[in-house]
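Coordinates from model26.cif are shown below (mmCIF, C-alpha atoms).
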```cif
data_upload
loop_
_atom_site.label_atom_id
_atom_site.label_comp_id
_atom_site.auth_asym_id
_atom_site.auth_seq_id
_atom_site.Cartn_x
_atom_site.Cartn_y
_atom_site.Cartn_z
CA MET K 1 0.00 0.00 0.00
CA LYS K 2 2.84 2.37 0.92
CA LYS K 3 4.47 1.75 -2.44
CA ILE K 4 1.27 2.65 -4.26
CA ILE K 5 0.93 5.91 -2.31
CA VAL K 6 4.56 6.81 -3.04
CA LEU K 7 4.03 6.06 -6.73
CA ILE K 8 0.86 8.15 -6.91
CA VAL K 9 2.58 11.10 -5.17
CA LEU K 10 5.52 10.76 -7.57
CA ALA K 11 3.28 10.64 -10.64
CA VAL K 12 1.23 13.65 -9.48
CA SER K 13 4.35 15.65 -8.68
CA LEU K 14 5.73 14.93 -12.15
CA PHE K 15 2.77 16.58 -13.88
CA GLY K 16 1.79 19.24 -11.34
CA GLY K 17 2.75 22.90 -11.55
CA VAL K 18 4.54 25.16 -9.09
CA SER K 19 2.53 25.77 -5.94
CA LYS K 20 2.88 27.53 -2.59
CA GLY K 21 6.02 26.54 -0.71
CA ASP K 22 7.91 25.40 -3.82
CA LYS K 23 11.24 26.88 -4.77
CA ALA K 24 10.71 29.24 -7.74
CA VAL K 25 12.30 27.70 -10.81
CA ASP K 26 15.13 29.90 -12.09
CA PHE K 27 15.30 31.05 -15.72
CA LYS K 28 17.27 33.45 -17.86
CA LEU K 29 15.52 35.57 -20.51
CA LYS K 30 16.09 38.64 -22.63
CA THR K 31 14.00 41.78 -22.28
CA LEU K 32 11.24 42.52 -24.81
CA ASP K 33 13.56 44.77 -26.81
CA ALA K 34 16.42 42.24 -26.41
CA SER K 35 18.65 44.95 -24.93
CA ALA K 36 19.50 43.02 -21.75
CA SER K 37 18.99 39.65 -20.13
CA TYR K 38 17.99 38.78 -16.59
CA LYS K 39 17.81 35.72 -14.38
CA LEU K 40 15.07 35.34 -11.80
CA SER K 41 17.80 34.70 -9.24
CA ASP K 42 19.21 38.19 -9.92
CA PHE K 43 16.32 39.46 -7.82
CA ARG K 44 16.97 37.23 -4.79
CA GLY K 45 16.61 39.36 -1.67
CA GLU K 46 13.60 41.20 -3.10
CA VAL K 47 9.95 40.21 -3.10
CA VAL K 48 9.10 39.36 -6.71
CA LEU K 49 5.79 39.21 -8.56
CA LEU K 50 6.30 37.02 -11.61
CA ASN K 51 3.56 37.54 -14.19
CA LEU K 52 3.06 35.42 -17.31
CA TRP K 53 1.13 37.21 -20.05
CA ALA K 54 0.40 37.43 -23.76
CA SER K 55 -1.02 40.16 -25.99
CA TRP K 56 -3.71 37.73 -27.28
CA CYS K 57 -5.00 37.27 -23.74
CA GLY K 58 -7.66 39.85 -22.82
CA GLY K 59 -7.31 39.34 -19.06
CA CYS K 60 -3.54 39.85 -19.25
CA LYS K 61 -3.97 43.19 -20.98
CA LYS K 62 -6.65 44.28 -18.54
CA GLU K 63 -4.46 43.84 -15.46
CA MET K 64 -1.27 45.32 -16.93
CA PRO K 65 -1.97 48.99 -16.00
CA GLU K 66 -2.51 47.80 -12.42
CA PHE K 67 1.03 46.39 -12.40
CA PHE K 68 2.41 49.71 -13.63
CA GLU K 69 0.78 51.46 -10.68
CA LEU K 70 1.76 48.73 -8.21
CA GLN K 71 5.44 48.94 -9.14
CA ASN K 72 5.29 52.73 -8.93
CA GLU K 73 3.93 52.43 -5.42
CA TYR K 74 6.61 49.97 -4.26
CA LYS K 75 9.93 51.44 -5.31
CA ASN K 76 12.18 49.38 -3.01
CA GLY K 77 12.27 45.73 -2.00
CA PHE K 78 9.65 44.64 -4.52
CA LYS K 79 10.03 43.93 -8.21
CA ILE K 80 7.51 42.93 -10.84
CA ILE K 81 8.87 40.70 -13.59
CA THR K 82 6.56 40.15 -16.54
CA VAL K 83 7.22 37.33 -18.99
CA ASN K 84 5.56 37.64 -22.38
CA ILE K 85 4.95 34.48 -24.41
CA ASP K 86 3.75 35.96 -27.72
CA LYS K 87 4.90 34.48 -31.02
CA SER K 88 6.37 37.84 -31.93
CA SER K 89 7.72 40.32 -29.40
CA ALA K 90 6.49 43.18 -31.63
CA ASP K 91 2.88 42.59 -30.48
CA ALA K 92 3.93 42.83 -26.84
CA ILE K 93 6.07 45.92 -27.44
CA SER K 94 3.18 47.60 -29.23
CA PHE K 95 0.80 46.87 -26.35
CA MET K 96 3.26 48.03 -23.69
CA SER K 97 3.79 51.26 -25.64
CA SER K 98 0.05 51.87 -25.68
CA VAL K 99 -0.11 51.43 -21.88
CA GLU K 100 2.88 53.76 -21.45
CA LYS K 101 1.12 56.34 -23.59
CA THR K 102 -2.12 56.06 -21.61
CA LEU K 103 -0.39 56.31 -18.23
CA SER K 104 2.22 58.82 -19.46
CA TYR K 105 5.23 57.02 -18.00
CA LYS K 106 7.71 54.31 -18.99
CA THR K 107 7.37 50.66 -17.95
CA PRO K 108 8.62 50.69 -14.35
CA PHE K 109 9.32 46.94 -14.12
CA VAL K 110 11.35 44.25 -15.87
CA SER K 111 9.63 43.06 -19.03
CA LEU K 112 11.00 39.79 -20.41
CA TYR K 113 10.25 37.80 -23.55
CA ASP K 114 9.93 34.01 -23.76
CA ALA K 115 9.20 32.93 -27.34
CA LYS K 116 9.65 29.23 -26.53
CA LYS K 117 7.19 29.38 -23.61
CA THR K 118 9.70 27.70 -21.31
CA VAL K 119 8.66 29.59 -18.19
CA PRO K 120 4.93 28.67 -18.29
CA ARG K 121 6.00 25.09 -19.00
CA LYS K 122 8.43 25.02 -16.08
CA TYR K 123 5.85 26.60 -13.78
CA GLY K 124 2.98 24.46 -15.09
CA ALA K 125 0.81 27.55 -15.60
CA ARG K 126 -2.82 26.55 -15.18
CA GLY K 127 -4.26 29.66 -16.83
CA MET K 128 -3.49 32.92 -18.54
CA PRO K 129 -2.51 35.21 -17.00
CA SER K 130 -0.71 33.54 -14.10
CA SER K 131 1.10 35.40 -11.34
CA TYR K 132 3.46 34.08 -8.67
CA LEU K 133 4.42 36.00 -5.56
CA ILE K 134 7.95 34.95 -4.62
CA ASP K 135 9.58 35.85 -1.30
CA LYS K 136 13.13 37.11 -0.66
CA ASN K 137 14.46 33.55 -0.46
CA GLY K 138 13.01 32.52 -3.81
CA VAL K 139 10.10 30.53 -2.43
CA VAL K 140 6.66 30.81 -4.06
CA GLN K 141 4.20 32.20 -1.50
CA LEU K 142 1.15 32.82 -3.64
CA VAL K 143 -0.11 31.53 -6.99
CA MET K 144 -2.78 33.61 -8.70
CA VAL K 145 -4.47 32.36 -11.86
CA GLY K 146 -6.53 34.76 -13.95
CA SER K 147 -6.76 38.50 -14.29
CA LEU K 148 -6.26 40.44 -11.06
CA SER K 149 -8.93 43.01 -10.25
CA HIS K 150 -8.37 46.19 -8.28
CA ASN K 151 -9.54 44.34 -5.15
CA ASP K 152 -7.17 41.45 -5.82
CA ILE K 153 -4.31 43.94 -6.08
CA ALA K 154 -5.32 45.42 -2.72
CA GLU K 155 -5.10 41.95 -1.16
CA LEU K 156 -1.81 41.35 -2.93
CA LYS K 157 -0.40 44.51 -1.35
CA ILE K 158 -1.12 43.08 2.10
CA GLU K 159 0.84 39.93 1.19
CA ILE K 160 3.72 42.01 -0.23
CA ASP K 161 3.89 44.06 2.97
CA LYS K 162 4.03 40.85 5.02
CA LEU K 163 6.93 39.48 2.95
CA LYS K 164 8.97 42.70 2.72
CA MET W 1 3.43 -7.65 -11.92
CA LYS W 2 0.42 -5.79 -10.50
CA TYR W 3 2.66 -2.92 -9.40
CA LEU W 4 4.31 -2.77 -12.80
CA ALA W 5 0.92 -2.58 -14.51
CA LEU W 6 -0.14 0.16 -12.10
CA VAL W 7 3.03 2.16 -12.72
CA ILE W 8 2.63 1.88 -16.50
CA LEU W 9 -1.02 2.90 -16.25
CA LEU W 10 -0.19 5.92 -14.10
CA PHE W 11 2.56 7.12 -16.39
CA LEU W 12 0.57 6.55 -19.55
CA SER W 13 -2.40 8.47 -18.20
CA GLY W 14 -0.05 11.27 -17.22
CA CYS W 15 1.48 11.33 -20.68
CA SER W 16 -1.84 11.41 -22.46
CA GLU W 17 -2.99 14.34 -20.34
CA SER W 18 0.16 16.28 -21.15
CA LEU W 19 0.17 15.44 -24.82
CA VAL W 20 -3.48 15.85 -25.70
CA ARG W 21 -4.51 18.82 -23.59
CA VAL W 22 -3.91 22.25 -25.05
CA MET W 23 -2.30 24.19 -22.25
CA PRO W 24 -3.57 27.71 -21.45
CA TYR W 25 -0.33 29.27 -22.70
CA GLU W 26 -0.70 27.49 -26.05
CA LYS W 27 -4.10 28.97 -26.92
CA GLU W 28 -2.78 31.76 -29.08
CA TYR W 29 -4.68 30.63 -32.16
CA PHE W 30 -7.89 29.94 -30.25
CA ALA W 31 -7.87 33.58 -29.12
CA GLN W 32 -7.95 34.92 -32.66
CA ASP W 33 -11.17 36.59 -33.87
CA LYS W 34 -11.54 34.16 -36.77
CA MET W 35 -11.78 31.28 -34.28
CA SER W 36 -14.91 32.79 -32.77
CA LEU W 37 -18.19 31.06 -33.63
CA SER W 38 -19.68 34.46 -34.49
CA PRO W 39 -16.82 36.71 -35.57
CA LEU W 40 -19.14 39.49 -36.77
CA ALA W 41 -21.20 40.92 -33.93
CA GLU W 42 -23.84 42.53 -36.20
CA ARG W 43 -24.34 39.37 -38.17
CA ALA W 44 -24.51 37.28 -35.00
CA GLU W 45 -27.38 39.42 -33.75
CA GLN W 46 -29.29 39.00 -37.00
CA GLU W 47 -28.62 35.27 -37.09
CA GLY W 48 -29.81 35.01 -33.50
CA HIS W 49 -32.99 36.86 -34.41
CA ILE W 50 -33.73 34.57 -37.35
CA PHE W 51 -32.89 31.47 -35.29
CA LEU W 52 -35.32 32.44 -32.56
CA ILE W 53 -38.08 33.17 -35.10
CA ARG W 54 -37.65 29.88 -36.93
CA GLU W 55 -36.58 27.47 -34.22
CA ALA W 56 -37.99 28.78 -30.99
CA SER W 57 -40.94 30.58 -29.53
CA ALA W 58 -39.12 33.24 -27.57
CA GLY W 59 -39.64 36.02 -30.10
CA GLY W 60 -37.19 38.44 -31.64
CA ASP W 61 -34.49 38.39 -28.99
CA SER W 62 -32.99 41.90 -28.71
CA SER W 63 -34.39 43.05 -32.06
CA PHE W 64 -37.72 44.89 -32.40
CA GLN W 65 -39.13 43.10 -35.44
CA GLY W 66 -42.58 41.64 -35.47
CA GLY W 67 -41.68 38.00 -36.02
CA CYS W 68 -41.32 37.40 -39.74
CA GLY W 69 -37.53 37.06 -39.54
CA CYS W 70 -37.18 38.89 -42.86
CA ARG W 71 -36.28 42.45 -41.71
#
```

Take the structure I supplied and represent it as structure tokens, if you would.
Amino acid sequence: MKKIIVLIVLAVSLFGGVSKGDKAVDFKLKTLDASASYKLSDFRGEVVLLNLWASWCGGCKKEMPEFFELQNEYKNGFKIITVNIDKSSADAISFMSSVEKTLSYKTPFVSLYDAKKTVPRKYGARGMPSSYLIDKNGVVQLVMVGSLSHNDIAELKIEIDKLK
Amino acid sequence: MKYLALVILLFLSGCSESLVRVMPYEKEYFAQDKMSLSPLAERAEQEGHIFLIREASAGGDSSFQGGCGCR
């Protein structure tokens, strides 16, 4: 019986995604404009909100201005890292430019591009958009699937304050 | 032998799930307008109106026509 339980746990863990308490899987990606590259581990010591998005995803686009404002509010100790998974980075750049124009300021966070969709695969993203709140030690503390509303962001701020 | 069969079954079911299911981050093409069942909003409304007239008894839906379905 024990063997069966161990096997089931093993099989489930093989196909499950990242969840609370798991170590955030590290990755290295270039920015949307390919001007620089970053690793997730570069931000160790800061609270990180990792957001997976695409320009074809309505919910992703809806929550993006909220992230601009959130990063503006938290200047130190908290970093938003967005990972775009579009086929072409031009679509993402165009959308980000439109948000910048609407809000009248430049993207205040790190905006990465993942054409091969390696990050959502590694994280086992269960929906689009998906966001992961990662603490200073690189441990996932919160997994949020779907577009975040203004109220969700307010709750997220409480979690960020706890982790800072 | 029973355990071996169980292990194979577990792994095969896991594989099929991963292979067959379109993951949320792979739905780029499904999100395109042309993949919508009613890509033209105006036409969808008219089609809905005609469908209700011919197939149902609910009336003209959101349109104000009398019930002939001909406009």

Selection in question (the file shown): the PyMOL selection byres ((chain K and resi 121-136) around 8). Which residues does it include, as a ChimeraX atom specification? /K:15-18,24-25,44-54,57,59-60,117-120,137-147,163-164 /W:23-25

Contact residues (chain W, partner chain K, 7 Å, all atoms listed in the file) as a ChimeraX atom specification: /W:10-11,14,24-25,28,31

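A straight line drawn from atom CA of K:Leu32 to atom CA of K:Gln71 is 17.9 Å long.
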
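Shortest atom-to-atom contact with K:Thr31 among K:Asp114, K:Asp91, K:Glu159, K:Glu66: K:Asp114, counting all atoms listed in the file.
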
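Here the question is which of K:Ile80, K:Met64, K:Leu70, K:Leu112 gets nearest to K:Phe27 using all atoms listed in the file, and that residue is K:Leu112.
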
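The interatomic distance for the pair atom CA of K:Asp22 and atom CA of K:Lys39 works out to 17.8 Å.
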
Length of the atom CA of K:Lys61 to atom CA of K:Val99 vector [Å]: 9.1 Å
